[in-house]
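Here the structure is laid out as structure tokens; the discussion comes afterwards.
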Amino acid sequence: MLKVNNISLKYNHLEVVKNVTFAVKSAERLVIVGASGCGKTTLLKSIAGFHPILNGEILFRNQKVIDPSEQLVPGHERIKLVNQDFNLDDFHTIEENIRLRLLQFDMDYQNQRTNELLKITELEKFKNHQARNLSGGQKQRLTIARALADEPELLLLDEPFNQLDYHLKQKIETYILDYLEKYNISAVLVSHNGEEAMRWANRIAFMKKGKITRIDSPYNFYNHPSNKNEAGFFGAINTVRVNGKEISFRPHQFSKKITKKCVQKLNVTFYSKINKGWYTDFQFKVGNKTIHLYSRKKIDNLNEVWVNQIQFKV
């Protein structure tokens, strides 16, 4: 559906995206991750047709996405971008903001579609509120509803849940993922949250200093990262030296005795613990290095553990 071929982009006269190539299949969800400032947002805007391309090309269904400098109204009618700009009709209500995107349809469909989008974004009880009076999180949800109302074939999401509290974020994410699957909508999500990326992605593209360094499955990124930087992005890691060799492992991947996976023995001394709700973060010393072990059971009496060492992808 989407092909990004060797594109480079500038932002404020600096080249922020360098020779990036990837593709997105129909109904696929690709998540682009990386540290702030690595070029993720600029890349997403270029795919939507809102940012000029320095070189390379972007193809949507084998048709070139037109550069904003080449058309009066920038953007692509089948690609919709959700970002932090919102671009709402401030003096219209929530319901009107959605319905205005559906004027080409008959009234029955407008009603059905509007009600469905109000429900999945949990804005039903606020539908008569003007957009200018909404909170940041409500505006974010309304922006998503408006983008989906346009029935896009490709949805681009730039940190779309960063203003939602944890509980609401989980619910809205689930609704939208179900919606994308129901209507076979492809999506590209930009995130700096590795946990969010693994929930969303069929594939993940890791971006660093304007370049995509790796595209792989969430499973492989988590279990076989290329390096400590990648490993740390998708979850906490411990790193210690054993017999002069550095090893890394995740805080929950340990055992009280040797197992098929946990084969590296560590001598540990309990240091402290922090209750995290459904589990406890137990801190131990290995020599002069502090490590963290996550457990729902009491383990502060341990003096040795076996860990599952991360095998970095070569």
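Chains: A, B, ... in order of the structure tokens. Residues: from 1 per chain. Ligands: from 1, in order shown.
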
### Task
Extract, using only C-alpha atoms, all DNA, RNA and protein residues at most 12 Å from Lys256 in chain A, discarding same-chain residues fewer than 6 positions from it, and format them as an MDAnalysis selection string.
chainID A and resid 262:268 293 295 297:308

Selection file, C-alpha atoms, as a tab-separated table (two decimals), in the first residue's frame:
```
chain	number	residue	atom	x	y	z
A	262	CYS	CA	18.09	-19.25	33.08
A	263	VAL	CA	21.60	-20.66	33.08
A	264	GLN	CA	23.77	-17.74	34.25
A	265	LYS	CA	24.31	-17.81	38.01
A	266	LEU	CA	24.67	-14.57	40.01
A	267	ASN	CA	25.59	-14.25	43.68
A	268	VAL	CA	23.38	-11.51	45.10
A	293	LEU	CA	14.43	-8.19	40.02
A	295	SER	CA	8.55	-10.51	41.48
A	297	LYS	CA	6.56	-13.26	45.62
A	298	LYS	CA	8.93	-12.54	48.48
A	299	ILE	CA	12.53	-13.03	47.28
A	300	ASP	CA	14.54	-10.77	49.61
A	301	ASN	CA	16.07	-13.85	51.29
A	302	LEU	CA	17.87	-14.97	48.12
A	303	ASN	CA	21.66	-15.04	47.93
A	304	GLU	CA	21.87	-16.48	44.41
A	305	VAL	CA	19.75	-16.36	41.25
A	306	TRP	CA	19.94	-17.70	37.70
A	307	VAL	CA	19.16	-15.25	34.89
A	308	ASN	CA	18.20	-15.49	31.22
```

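For Tyr219 in chain A, the set of protein, DNA and RNA residues having any atom at most 10 Å away, when counting only C-alpha atoms and skipping those fewer than 4 positions along the same chain, is Met198, Asn202, Arg203, Ile204, Asn223, His224 and Pro225 of chain A.
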
If you keep C-alpha atoms, can you produce a file of those selected residues as a PDB file, in the first residue's frame?
```pdb
ATOM      1  CA  MET A 198       4.886  -3.682  21.089  1.00  0.00           C
ATOM      2  CA  ASN A 202       2.898  -5.973  13.407  1.00  0.00           C
ATOM      3  CA  ARG A 203       6.383  -4.637  12.665  1.00  0.00           C
ATOM      4  CA  ILE A 204       8.601  -2.020  14.308  1.00  0.00           C
ATOM      5  CA  ASN A 223      14.069 -10.905  22.824  1.00  0.00           C
ATOM      6  CA  HIS A 224      16.921 -10.349  20.367  1.00  0.00           C
ATOM      7  CA  PRO A 225      17.844  -6.655  20.381  1.00  0.00           C
TER       8      PRO A 225
END
```

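For the choices A:Lys260, A:Lys119, A:Lys45, A:Lys80, the atom-to-atom distance to Pro152 in chain A is smallest for A:Lys80 when using only C-alpha atoms.
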
### Task
Using DSSP on the backbone coordinates, identify all residues within range 44-207 of chain A classified as alpha helix (DSSP H); present the result as a PyMOL selection string.
chain A and resi 44-47+94-99+107-120+136-149+166-182+194-200

### Task
Name all residues at most 12 Å from Asn115 in chain A (count only C-alpha atoms; drop same-chain ones fewer than 5 positions away) and give them as a PyMOL selection string.
chain A and resi 94-96+98-99+108-110+120-125+127+145+149

### Message
Which residues are near range 16-26 of chain A? Cut-off 9 Å, only C-alpha atoms, ignore same chain within fewer than 6 positions. Put them as a PyMOL selection string.
### Response
chain A and resi 1-10+37-40+42-43+55-56+153-154+184-188+205+209-212+215

Grab the residues selected above and save them as an mmCIF file, in the first residue's frame with C-alpha atoms.
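Full text of out.cif as output:
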```
data_model
loop_
_atom_site.group_PDB
_atom_site.id
_atom_site.type_symbol
_atom_site.label_atom_id
_atom_site.label_comp_id
_atom_site.auth_asym_id
_atom_site.auth_seq_id
_atom_site.Cartn_x
_atom_site.Cartn_y
_atom_site.Cartn_z
ATOM 1 C CA MET A 1 0.000 0.000 0.000
ATOM 2 C CA LEU A 2 2.729 2.474 0.983
ATOM 3 C CA LYS A 3 6.296 2.607 -0.311
ATOM 4 C CA VAL A 4 8.845 5.067 1.053
ATOM 5 C CA ASN A 5 11.819 4.984 -1.290
ATOM 6 C CA ASN A 6 15.146 6.433 -0.186
ATOM 7 C CA ILE A 7 13.745 9.757 1.060
ATOM 8 C CA SER A 8 15.646 12.516 2.821
ATOM 9 C CA LEU A 9 14.012 15.476 4.590
ATOM 10 C CA LYS A 10 15.066 18.817 5.999
ATOM 11 C CA GLY A 37 14.463 14.556 17.672
ATOM 12 C CA CYS A 38 15.412 11.581 15.479
ATOM 13 C CA GLY A 39 13.078 12.648 12.637
ATOM 14 C CA LYS A 40 9.959 10.548 13.304
ATOM 15 C CA THR A 42 8.911 15.001 10.076
ATOM 16 C CA LEU A 43 8.837 11.625 8.340
ATOM 17 C CA ASN A 55 15.031 13.516 -2.469
ATOM 18 C CA GLY A 56 13.472 10.117 -3.014
ATOM 19 C CA GLU A 153 -7.009 3.769 3.899
ATOM 20 C CA LEU A 154 -3.884 4.775 5.805
ATOM 21 C CA ASN A 184 -8.796 -3.177 7.283
ATOM 22 C CA ILE A 185 -7.140 0.208 7.777
ATOM 23 C CA SER A 186 -3.346 0.394 7.631
ATOM 24 C CA ALA A 187 -1.599 2.504 10.247
ATOM 25 C CA VAL A 188 1.792 4.025 10.934
ATOM 26 C CA ALA A 205 11.038 0.351 12.591
ATOM 27 C CA LYS A 209 19.689 10.068 14.042
ATOM 28 C CA GLY A 210 17.458 10.281 10.990
ATOM 29 C CA LYS A 211 18.034 6.735 9.754
ATOM 30 C CA ILE A 212 16.068 3.516 10.154
ATOM 31 C CA ILE A 215 12.819 -3.217 10.902
#
```

### Message
I need the strand (DSSP E) residues of range 73-299 of chain A per DSSP on the backbone, written as a PyMOL selection string.
### Response
chain A and resi 79-82+154-158+186-191+203-208+211-216+238-242+245-249+254-255+264-267+269-275+280-286+289-295

### Query
range 164-169 of chain A: which residues within 9 Å, counting only C-alpha atoms, same-chain residues fewer than 2 positions away excluded, as a PyMOL selection string?
chain A and resi 122+136-138+140-141+160-162+171-174

Could you save those same residues with C-alpha atoms as a compact mmCIF listing (two decimals), in the first residue's frame?
```txt
# COMPACT_ATOMS: atom_id res chain seq x y z
CA GLU A 122 -15.63 7.82 24.72
CA GLY A 136 -6.12 18.36 25.74
CA GLY A 137 -7.07 14.69 26.04
CA GLN A 138 -10.58 15.30 24.70
CA GLN A 140 -6.79 14.42 21.05
CA ARG A 141 -9.66 11.91 20.97
CA PRO A 160 -1.80 10.11 19.66
CA PHE A 161 -2.36 9.13 23.30
CA ASN A 162 0.18 11.22 25.17
CA LYS A 171 -9.47 1.56 26.59
CA ILE A 172 -9.16 3.96 23.64
CA GLU A 173 -6.20 2.00 22.24
CA THR A 174 -8.20 -1.23 22.35
```

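For the set A:Val242, A:Val33, A:Leu103, A:Leu14, the residue with the smallest atom-to-atom gap to Leu54 in chain A is A:Leu14, counting only C-alpha atoms.
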
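Pairwise distance (CA of Tyr294 in chain A, CA of Thr280 in chain A) equals 5.7 Å.
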
### Summary
Of A:Ile274, A:Val240, A:Ile144, A:Ala197, the one nearest to Val286 in chain A when counting only C-alpha atoms is A:Val240
